[in-house]
Each structure stands twice: as C-alpha cells, then as structure tokens.
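So this one's model_36.txt, compact mmCIF, C-alpha atoms:
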```txt
# COMPACT_ATOMS: atom_id res chain seq x y z
CA GLY A 681 -9.13 14.16 5.72
CA ALA A 682 -6.34 14.39 3.18
CA VAL A 683 -7.20 13.14 -0.29
CA VAL A 684 -4.95 11.74 -2.98
CA SER A 685 -6.30 11.23 -6.48
CA GLN A 686 -4.96 9.29 -9.41
CA HIS A 687 -5.71 9.67 -13.06
CA PRO A 688 -6.63 7.70 -15.00
CA SER A 689 -8.30 5.03 -12.87
CA TRP A 690 -7.76 2.52 -15.64
CA VAL A 691 -6.04 2.49 -19.00
CA ILE A 692 -5.64 0.00 -21.82
CA CYS A 693 -2.83 0.55 -24.28
CA LYS A 694 -1.00 -1.22 -27.06
CA SER A 695 2.40 -2.74 -26.55
CA GLY A 696 5.17 -0.24 -27.28
CA THR A 697 3.23 2.87 -26.31
CA SER A 698 3.83 5.09 -23.28
CA VAL A 699 1.33 5.76 -20.55
CA LYS A 700 1.36 8.59 -18.01
CA ILE A 701 -0.27 8.22 -14.61
CA GLU A 702 -0.88 11.25 -12.41
CA CYS A 703 -0.93 11.34 -8.64
CA ARG A 704 -2.27 14.48 -6.96
CA SER A 705 -2.59 15.54 -3.37
CA LEU A 706 -5.82 17.52 -3.47
CA ASP A 707 -5.83 19.46 -0.24
CA PHE A 708 -2.28 19.37 1.01
CA GLN A 709 1.26 19.77 -0.20
CA ALA A 710 3.28 16.59 -0.35
CA THR A 711 7.04 16.87 -0.48
CA THR A 712 7.31 13.11 -0.76
CA MET A 713 5.22 10.69 -2.76
CA PHE A 714 5.69 6.97 -3.26
CA TRP A 715 4.82 4.74 -6.18
CA TYR A 716 3.85 1.11 -5.66
CA ARG A 717 2.98 -1.68 -8.05
CA GLN A 718 0.68 -4.60 -7.35
CA PHE A 719 0.45 -7.64 -9.62
CA PRO A 720 -2.70 -9.78 -9.46
CA LYS A 721 -3.13 -11.64 -6.21
CA GLN A 722 0.11 -10.20 -4.85
CA SER A 723 1.06 -7.53 -2.40
CA LEU A 724 2.19 -3.98 -3.03
CA MET A 725 5.82 -3.52 -3.97
CA LEU A 726 7.55 -0.18 -3.65
CA MET A 727 8.84 1.07 -6.99
CA ALA A 728 10.25 4.47 -6.16
CA THR A 729 10.28 7.44 -3.84
CA SER A 730 9.47 10.76 -5.44
CA ASN A 731 10.68 13.98 -3.84
CA GLU A 732 9.55 17.36 -5.13
CA GLY A 733 12.27 19.10 -7.07
CA SER A 734 14.74 16.23 -7.13
CA LYS A 735 15.29 12.94 -8.89
CA ALA A 736 13.31 9.95 -7.80
CA THR A 737 14.93 7.13 -5.89
CA TYR A 738 14.20 3.76 -7.43
CA GLU A 739 14.08 0.40 -5.73
CA GLN A 740 16.39 -2.35 -6.84
CA GLY A 741 15.14 -4.03 -9.97
CA VAL A 742 12.99 -1.11 -11.12
CA GLU A 743 14.25 0.38 -14.37
CA LYS A 744 14.42 4.13 -14.03
CA ASP A 745 14.53 4.63 -17.80
CA LYS A 746 11.36 2.63 -18.20
CA PHE A 747 9.41 4.10 -15.31
CA LEU A 748 9.92 7.83 -15.49
CA ILE A 749 8.89 9.75 -12.39
CA ASN A 750 8.47 13.49 -12.27
CA HIS A 751 7.54 15.44 -9.15
CA ALA A 752 7.47 18.96 -10.48
CA SER A 753 5.17 20.46 -7.87
CA LEU A 754 4.17 19.86 -4.28
CA THR A 755 0.83 18.44 -5.36
CA LEU A 756 1.64 16.39 -8.42
CA SER A 757 3.81 13.41 -9.21
CA THR A 758 3.64 11.56 -12.52
CA LEU A 759 4.71 8.05 -13.47
CA THR A 760 5.27 7.39 -17.15
CA VAL A 761 5.55 3.79 -18.26
CA THR A 762 7.58 3.99 -21.44
CA SER A 763 7.37 1.41 -24.21
CA ALA A 764 4.89 -0.60 -22.21
CA HIS A 765 4.75 -4.36 -22.59
CA PRO A 766 2.17 -6.88 -21.39
CA GLU A 767 4.33 -7.73 -18.37
CA ASP A 768 3.91 -4.12 -17.21
CA SER A 769 0.19 -4.74 -16.78
CA SER A 770 -0.44 -4.11 -13.12
CA PHE A 771 -2.19 -1.96 -10.53
CA TYR A 772 -0.16 1.18 -9.83
CA ILE A 773 -0.80 3.00 -6.56
CA CYS A 774 0.71 6.21 -5.27
CA SER A 775 0.81 7.56 -1.76
CA ALA A 776 1.70 10.90 -0.24
CA ILE A 777 2.87 11.95 3.16
CA LEU A 778 1.05 14.71 4.98
CA PRO A 779 3.68 16.82 6.71
CA PRO A 780 4.30 17.29 9.57
CA LEU A 781 2.40 14.08 10.42
CA ALA A 782 4.89 12.01 8.48
CA ASP A 783 3.62 8.77 10.01
CA THR A 784 0.48 9.01 7.96
CA GLN A 785 0.47 8.06 4.30
CA TYR A 786 -2.52 8.72 2.12
CA PHE A 787 -3.04 6.37 -0.78
CA GLY A 788 -4.55 7.12 -4.13
CA PRO A 789 -7.27 4.82 -5.47
CA GLY A 790 -4.87 3.20 -7.93
CA THR A 791 -4.58 2.92 -11.70
CA ARG A 792 -5.20 -0.35 -13.49
CA LEU A 793 -2.88 -0.63 -16.51
CA THR A 794 -3.51 -3.28 -19.13
CA VAL A 795 -1.04 -3.57 -21.99
CA LEU A 796 -2.25 -5.55 -24.99
CA SER B 394 11.39 -5.74 -1.12
CA GLN B 395 8.83 -7.16 1.25
CA GLN B 396 9.16 -6.94 4.95
CA GLY B 397 7.69 -10.25 5.95
CA GLU B 398 4.96 -12.75 5.95
CA GLU B 399 1.34 -12.83 6.88
CA ASP B 400 -0.41 -15.95 7.92
CA PRO B 401 -2.62 -17.47 7.09
CA GLN B 402 -2.51 -16.66 3.39
CA ALA B 403 -6.22 -17.38 3.20
CA LEU B 404 -8.90 -17.62 5.87
CA SER B 405 -12.53 -18.64 5.48
CA ILE B 406 -14.97 -18.17 8.34
CA GLN B 407 -18.68 -17.79 9.04
CA GLU B 408 -20.34 -14.51 9.91
CA GLY B 409 -20.15 -13.79 13.61
CA GLU B 410 -16.86 -15.62 14.09
CA ASN B 411 -13.62 -13.90 14.91
CA ALA B 412 -10.79 -13.66 12.40
CA THR B 413 -7.15 -13.48 13.42
CA MET B 414 -4.36 -12.63 11.03
CA ASN B 415 -0.69 -12.53 11.86
CA CYS B 416 2.16 -10.55 10.41
CA SER B 417 5.88 -10.94 10.89
CA TYR B 418 8.56 -8.51 9.85
CA LYS B 419 12.32 -8.59 9.64
CA THR B 420 13.83 -5.26 10.59
CA SER B 421 13.23 -2.66 13.29
CA ILE B 422 10.21 -0.48 12.71
CA ASN B 423 8.80 2.94 13.47
CA ASN B 424 5.14 2.01 13.06
CA LEU B 425 3.10 -0.93 11.86
CA GLN B 426 -0.15 -0.39 10.03
CA TRP B 427 -2.93 -2.61 8.78
CA TYR B 428 -4.79 -2.01 5.54
CA ARG B 429 -7.77 -3.62 3.87
CA GLN B 430 -8.18 -3.99 0.12
CA ASN B 431 -11.33 -5.13 -1.59
CA SER B 432 -10.80 -6.97 -4.84
CA GLY B 433 -9.53 -4.66 -7.54
CA ARG B 434 -9.83 -1.60 -5.34
CA GLY B 435 -7.55 0.76 -3.44
CA LEU B 436 -6.31 0.51 0.11
CA VAL B 437 -8.31 1.39 3.19
CA HIS B 438 -6.30 2.30 6.26
CA LEU B 439 -7.49 0.39 9.31
CA ILE B 440 -5.18 1.08 12.20
CA LEU B 441 -1.68 2.25 13.08
CA ILE B 442 0.28 0.97 16.05
CA ARG B 443 3.52 2.60 17.09
CA SER B 444 6.62 0.63 17.98
CA ASN B 445 6.28 1.60 21.64
CA GLU B 446 2.67 0.40 21.83
CA ARG B 447 1.61 -3.15 22.51
CA GLU B 448 -2.10 -3.15 21.80
CA LYS B 449 -4.63 -0.93 20.11
CA HIS B 450 -8.36 -1.11 19.53
CA SER B 451 -10.62 0.46 16.96
CA GLY B 452 -14.22 -0.68 16.87
CA ARG B 453 -14.21 -4.41 16.09
CA LEU B 454 -10.48 -4.37 15.41
CA ARG B 455 -7.78 -5.26 17.87
CA VAL B 456 -4.12 -5.07 16.95
CA THR B 457 -1.21 -6.32 19.00
CA LEU B 458 2.47 -5.72 18.46
CA ASP B 459 5.35 -7.74 19.87
CA THR B 460 8.58 -6.06 18.84
CA SER B 461 10.68 -8.73 20.53
CA LYS B 462 9.19 -11.31 18.18
CA LYS B 463 8.84 -8.85 15.31
CA SER B 464 5.22 -9.79 14.90
CA SER B 465 1.75 -8.30 14.96
CA SER B 466 -1.75 -9.68 14.90
CA LEU B 467 -5.04 -8.26 13.71
CA LEU B 468 -8.22 -9.56 15.27
CA ILE B 469 -11.59 -8.79 13.72
CA THR B 470 -14.40 -9.69 16.10
CA ALA B 471 -17.93 -10.63 15.10
CA SER B 472 -17.03 -10.70 11.44
CA ARG B 473 -19.46 -9.71 8.73
CA ALA B 474 -19.72 -10.61 5.06
CA ALA B 475 -18.58 -7.06 4.29
CA ASP B 476 -15.25 -7.83 5.97
CA THR B 477 -14.40 -10.08 3.02
CA ALA B 478 -11.20 -8.57 1.60
CA SER B 479 -7.43 -8.87 1.60
CA TYR B 480 -5.63 -7.55 4.64
CA PHE B 481 -2.06 -6.30 4.59
CA CYS B 482 0.32 -5.21 7.28
CA ALA B 483 2.85 -2.53 6.42
CA THR B 484 5.83 -1.15 8.27
CA ASP B 485 8.09 1.83 8.00
CA SER B 486 11.57 2.12 9.39
CA SER B 487 11.35 5.80 10.29
CA PRO B 488 8.91 8.71 9.83
CA GLY B 489 8.51 9.79 6.25
CA THR B 490 9.82 6.61 4.67
CA ALA B 491 8.03 4.21 2.37
CA LEU B 492 5.85 1.44 3.66
CA ILE B 493 6.93 -2.13 3.20
CA PHE B 494 3.97 -4.46 2.82
CA GLY B 495 3.51 -8.02 3.88
CA LYS B 496 2.12 -10.59 1.49
CA GLY B 497 -1.40 -10.30 2.82
CA THR B 498 -4.19 -12.51 4.09
CA THR B 499 -7.31 -13.07 2.03
CA LEU B 500 -10.33 -13.24 4.31
CA SER B 501 -13.62 -14.69 3.17
CA VAL B 502 -16.63 -14.33 5.45
CA SER B 503 -19.70 -16.26 4.43
CA SER B 504 -23.21 -15.59 5.64
```
Could you render the structure as structure tokens?
Amino acid sequence: GAVVSQHPSWVICKSGTSVKIECRSLDFQATTMFWYRQFPKQSLMLMATSNEGSKATYEQGVEKDKFLINHASLTLSTLTVTSAHPEDSSFYICSAILPPLADTQYFGPGTRLTVL
Amino acid sequence: SQQGEEDPQALSIQEGENATMNCSYKTSINNLQWYRQNSGRGLVHLILIRSNEREKHSGRLRVTLDTSKKSSSLLITASRAADTASYFCATDSSPGTALIFGKGTTLSVSS
C-alpha cells in the first residue's frame, strides 16, 4: 500500500526558533497533500492544503506567514513553523492523496513538536 | 473547522462487549471514514463508506450511514483490550478534498 513518511517524528526546540517538518509520499506521486494539527486530547484540525507547484491554501485562523508550506515536488511537502512559541506545541500530521483514487488519503505517522 | 460531533465522548466497556460510537456531520458528504488513533500515535484507517451506501462490514467492524440524518455509527463487536484507542469519523465533501474530523470517542476496553 501507499506509504507517507514524516520527518522528524518528534522535535523539541526553543521558543523563537524555526522548525521544518517534511512529509514524503514514498511510492507514489501526490499532487495534493494536507497538513493537520492535533492538540492534546483533541481532534485533528485542517491547517492547509498543499498543491504541488502552487501556493498553499490555508484554513481560516491559520497564519500563513507563521506556518510556511512548500510543495516543490510531487513527493515532498514541507511545513516550517517559524518563530515557534509554546502554544505551537502540537502533533502535526500530513496526508497525501493517491491519484486517481482520490477518495483515499494516506496519513503520515505525525510529528510531535514541543516548544520550550 | 470540524464537521460534527461524536458521541459518546468516552466509553468504557469490558472485553467481549460491543462498542457503539456515533458521529454526526453538518454538510453533504462524498464519503465518511472511520479512523483509530492509539495514544500519541498516528491514524489507522478502519473503513470507508460512500454516501450512496448504507452499511458496510469489515471483520468485527460494522458501519452504518444515514445521510438523511447526517449521521453514522461504528460498531465494534466482541471488543478486545487492544481496541482501546480514540476513534474519529471524518468526511470529505468531494473527491480529492481535505477530511474534516469529528471530535472523537475515546474507547477503553478492560480485561
């Protein structure tokens, strides 16, 4: 089956630093990837839709200048949390669509971000 | 944004019992899916039911969908301790769009 990886699986950083999270589709090309955020004991919330070769579409309330998304290739999307603060501590999960079976989304294992 | 609610928020049962979780959503959907998440881990896809389907089975799982009531239920039969996890429903409005997740049900199965 299709596999999506994320790197790193966890990261601890100091407040004010930037952190980059990678999402890769390992055995298929994904024209569309999604980024979700999950706070402790809560559900997943969509942050943005990432389309290869174009600007990401952000959900209301998600700061595009703080959460930079780049989808430079059909197998890689990156999320950079700029000037991270403790309130950005969360579980970040990406997913990718396997075309042409667009009903199926494949989720990465997630990245646990802790900002001190 | 979140699509809807799951109930109950938390469910505690004994091994061997059945567990039923419900999910309601607000807008029209393409598909509805159920996922499981163990504490601190990623999502495991359980089952997908299309908007034109009413019931689907997979092993010990049974999912129903009532589009007129905008609701779905997930039944886990003969539960096991390993079924302890959070369960989320998720919907999409059309193929290729993002999933909108419900708030989830935390299931605890004790042996």
For the contact check between chain B and chain A, emit one row per residue of chain B within 12 Å, containing the shortest atom pair and the distance in Å rounded to one decimal, counting all atoms listed in the file, chain then rising number order, as JSON lines.
```
{"residue": "B:Ser394", "atom": "CA", "partner": "A:Met725", "partner_atom": "CA", "distance": 6.6}
{"residue": "B:Gln395", "atom": "CA", "partner": "A:Met725", "partner_atom": "CA", "distance": 7.0}
{"residue": "B:Gln396", "atom": "CA", "partner": "A:Met725", "partner_atom": "CA", "distance": 10.1}
{"residue": "B:Gly397", "atom": "CA", "partner": "A:Ser723", "partner_atom": "CA", "distance": 11.0}
{"residue": "B:Glu398", "atom": "CA", "partner": "A:Ser723", "partner_atom": "CA", "distance": 10.6}
{"residue": "B:Glu399", "atom": "CA", "partner": "A:Ser723", "partner_atom": "CA", "distance": 10.7}
{"residue": "B:Gln402", "atom": "CA", "partner": "A:Gln722", "partner_atom": "CA", "distance": 10.8}
{"residue": "B:Ala403", "atom": "CA", "partner": "A:Lys721", "partner_atom": "CA", "distance": 11.4}
{"residue": "B:Ile422", "atom": "CA", "partner": "A:Asp783", "partner_atom": "CA", "distance": 11.7}
{"residue": "B:Asn423", "atom": "CA", "partner": "A:Asp783", "partner_atom": "CA", "distance": 8.5}
{"residue": "B:Asn424", "atom": "CA", "partner": "A:Asp783", "partner_atom": "CA", "distance": 7.6}
{"residue": "B:Leu425", "atom": "CA", "partner": "A:Asp783", "partner_atom": "CA", "distance": 9.9}
{"residue": "B:Gln426", "atom": "CA", "partner": "A:Thr784", "partner_atom": "CA", "distance": 9.6}
{"residue": "B:Tyr428", "atom": "CA", "partner": "A:Phe787", "partner_atom": "CA", "distance": 10.6}
{"residue": "B:Arg429", "atom": "CA", "partner": "A:Ser723", "partner_atom": "CA", "distance": 11.5}
{"residue": "B:Gln430", "atom": "CA", "partner": "A:Ser723", "partner_atom": "CA", "distance": 10.2}
{"residue": "B:Asn431", "atom": "CA", "partner": "A:Pro789", "partner_atom": "CA", "distance": 11.4}
{"residue": "B:Ser432", "atom": "CA", "partner": "A:Lys721", "partner_atom": "CA", "distance": 9.1}
{"residue": "B:Gly433", "atom": "CA", "partner": "A:Phe771", "partner_atom": "CA", "distance": 8.4}
{"residue": "B:Arg434", "atom": "CA", "partner": "A:Pro789", "partner_atom": "CA", "distance": 6.9}
{"residue": "B:Gly435", "atom": "CA", "partner": "A:Pro789", "partner_atom": "CA", "distance": 4.5}
{"residue": "B:Leu436", "atom": "CA", "partner": "A:Phe787", "partner_atom": "CA", "distance": 6.8}
{"residue": "B:Val437", "atom": "CA", "partner": "A:Phe787", "partner_atom": "CA", "distance": 8.3}
{"residue": "B:His438", "atom": "CA", "partner": "A:Tyr786", "partner_atom": "CA", "distance": 8.5}
{"residue": "B:Leu439", "atom": "CA", "partner": "A:Thr784", "partner_atom": "CA", "distance": 11.8}
{"residue": "B:Ile440", "atom": "CA", "partner": "A:Thr784", "partner_atom": "CA", "distance": 10.6}
{"residue": "B:Leu441", "atom": "CA", "partner": "A:Thr784", "partner_atom": "CA", "distance": 8.8}
{"residue": "B:Ile442", "atom": "CA", "partner": "A:Asp783", "partner_atom": "CA", "distance": 10.4}
{"residue": "B:Arg443", "atom": "CA", "partner": "A:Asp783", "partner_atom": "CA", "distance": 9.4}
{"residue": "B:Ser444", "atom": "CA", "partner": "A:Asp783", "partner_atom": "CA", "distance": 11.8}
{"residue": "B:Ala478", "atom": "CA", "partner": "A:Lys721", "partner_atom": "CA", "distance": 11.6}
{"residue": "B:Ser479", "atom": "CA", "partner": "A:Lys721", "partner_atom": "CA", "distance": 9.3}
{"residue": "B:Tyr480", "atom": "CA", "partner": "A:Ser723", "partner_atom": "CA", "distance": 9.7}
{"residue": "B:Phe481", "atom": "CA", "partner": "A:Ser723", "partner_atom": "CA", "distance": 7.8}
{"residue": "B:Cys482", "atom": "CA", "partner": "A:Ser723", "partner_atom": "CA", "distance": 10.0}
{"residue": "B:Ala483", "atom": "CA", "partner": "A:Leu724", "partner_atom": "CA", "distance": 9.6}
{"residue": "B:Thr484", "atom": "CA", "partner": "A:Asp783", "partner_atom": "CA", "distance": 10.3}
{"residue": "B:Asp485", "atom": "CA", "partner": "A:Asp783", "partner_atom": "CA", "distance": 8.5}
{"residue": "B:Ser486", "atom": "CA", "partner": "A:Asp783", "partner_atom": "CA", "distance": 10.4}
{"residue": "B:Ser487", "atom": "CA", "partner": "A:Asp783", "partner_atom": "CA", "distance": 8.3}
{"residue": "B:Pro488", "atom": "CA", "partner": "A:Asp783", "partner_atom": "CA", "distance": 5.3}
{"residue": "B:Gly489", "atom": "CA", "partner": "A:Ala782", "partner_atom": "CA", "distance": 4.8}
{"residue": "B:Thr490", "atom": "CA", "partner": "A:Ala782", "partner_atom": "CA", "distance": 8.2}
{"residue": "B:Ala491", "atom": "CA", "partner": "A:Phe714", "partner_atom": "CA", "distance": 6.7}
{"residue": "B:Leu492", "atom": "CA", "partner": "A:Leu726", "partner_atom": "CA", "distance": 7.7}
{"residue": "B:Ile493", "atom": "CA", "partner": "A:Leu726", "partner_atom": "CA", "distance": 7.1}
{"residue": "B:Phe494", "atom": "CA", "partner": "A:Leu724", "partner_atom": "CA", "distance": 6.1}
{"residue": "B:Gly495", "atom": "CA", "partner": "A:Ser723", "partner_atom": "CA", "distance": 6.8}
{"residue": "B:Lys496", "atom": "CA", "partner": "A:Ser723", "partner_atom": "CA", "distance": 5.1}
{"residue": "B:Gly497", "atom": "CA", "partner": "A:Ser723", "partner_atom": "CA", "distance": 6.4}
{"residue": "B:Thr498", "atom": "CA", "partner": "A:Ser723", "partner_atom": "CA", "distance": 9.7}
{"residue": "B:Thr499", "atom": "CA", "partner": "A:Lys721", "partner_atom": "CA", "distance": 9.3}
```
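Those residues that approach B:Ser405 to within 6 Å, counting all atoms listed in the file, are B:Leu500, B:Ser501, B:Val502; same-chain residues fewer than 6 positions away are not listed.
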Could those selected residues go to a file with C-alpha atoms, as a PDB file, in the frame of the given file?
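Saved file part-v5.pdb follows:
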```pdb
ATOM      1  CA  LEU B 500     -10.330 -13.240   4.310  1.00  0.00           C
ATOM      2  CA  SER B 501     -13.620 -14.690   3.170  1.00  0.00           C
ATOM      3  CA  VAL B 502     -16.630 -14.330   5.450  1.00  0.00           C
TER       4      VAL B 502
END
```
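Between atom CA of A:Leu756 and atom CA of A:Ala736 the separation is 13.3 Å.
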Practice problem: Just give me the residues with any atom within 12 Å of (8.5, 6.3, -12.5), file coordinates, counting all atoms listed in the file, written as a PyMOL selection string. | Solution: chain A and resi 698-703+713-717+726-731+735-739+742-751+757-762+772-774
Quiz prompt | Counting only C-alpha atoms, the option among B:Asp400, B:Gly409, B:Glu448, B:Val456 closest to B:Ser504 | solution =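 Selected residue with least distance to B:Ser504: B:Gly409.
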Quiz prompt | Exercise: B:Ala474 partners within 7 Å, all atoms listed in the file, chain neighbours under 2 positions left out, as a list of chain:residue names | solution =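 Within the cut-off, the hits are B:Glu408, B:Ser472, B:Asp476, B:Thr477, B:Val502, B:Ser503, B:Ser504.
Restricting the calculation to all atoms listed in the file, the smallest distance between B:Asp459 and any of B:Ala475, B:Leu404, B:Ser421, B:Ala412 is found for B:Ser421.
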Hey, can I get the axis-aligned box for stretch 443-460 of chain B? All listed atoms, 6 Å padding on each side, centre and edge lengths in Å to one decimal, as lines of an AutoDock Vina configuration file.
```
center_x = -2.8
center_y = -2.6
center_z = 19.0
size_x = 34.8
size_y = 22.3
size_z = 19.1
```
Practice problem: Work out how far apart atom CA of B:Ala471 and atom CA of B:Tyr418 are and give it in Å to one decimal. | Solution: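 A separation of 27.1 Å between them.
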Self-check item: Residue nearest A:Gln686 - candidates A:Gln718, A:Leu754, A:Asp768, A:Ser705, atoms counted: all atoms listed in the file
Solution: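 The closest residue to A:Gln686 is A:Ser705.
Interatomic distance, atom CA of A:Leu706 to atom CA of A:Leu793: 22.5 Å.
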Exercise. Excluding stretch 463-469 of chain B and residues on its chain fewer than 6 positions from it, collect all residues at most 8 Å away from it, counting only C-alpha atoms, and give them as a ChimeraX atom specification.
Key: /B:411-421,427,453-457
With C-alpha atoms kept, could you save the residues just selected as an mmCIF file, in the frame of the given file?
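Listing of again32.cif after writing:
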```
data_model
loop_
_atom_site.group_PDB
_atom_site.id
_atom_site.type_symbol
_atom_site.label_atom_id
_atom_site.label_comp_id
_atom_site.auth_asym_id
_atom_site.auth_seq_id
_atom_site.Cartn_x
_atom_site.Cartn_y
_atom_site.Cartn_z
ATOM 1 C CA ASN B 411 -13.620 -13.900 14.910
ATOM 2 C CA ALA B 412 -10.790 -13.660 12.400
ATOM 3 C CA THR B 413 -7.150 -13.480 13.420
ATOM 4 C CA MET B 414 -4.360 -12.630 11.030
ATOM 5 C CA ASN B 415 -0.690 -12.530 11.860
ATOM 6 C CA CYS B 416 2.160 -10.550 10.410
ATOM 7 C CA SER B 417 5.880 -10.940 10.890
ATOM 8 C CA TYR B 418 8.560 -8.510 9.850
ATOM 9 C CA LYS B 419 12.320 -8.590 9.640
ATOM 10 C CA THR B 420 13.830 -5.260 10.590
ATOM 11 C CA SER B 421 13.230 -2.660 13.290
ATOM 12 C CA TRP B 427 -2.930 -2.610 8.780
ATOM 13 C CA ARG B 453 -14.210 -4.410 16.090
ATOM 14 C CA LEU B 454 -10.480 -4.370 15.410
ATOM 15 C CA ARG B 455 -7.780 -5.260 17.870
ATOM 16 C CA VAL B 456 -4.120 -5.070 16.950
ATOM 17 C CA THR B 457 -1.210 -6.320 19.000
#
```
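Residues in contact with A:Lys694 at up to 9 Å, not including ones fewer than 4 positions away on its chain and judged by all atoms listed in the file, are Ser698, Ala764, His765, Pro766, Thr794, Val795 and Leu796 of chain A.
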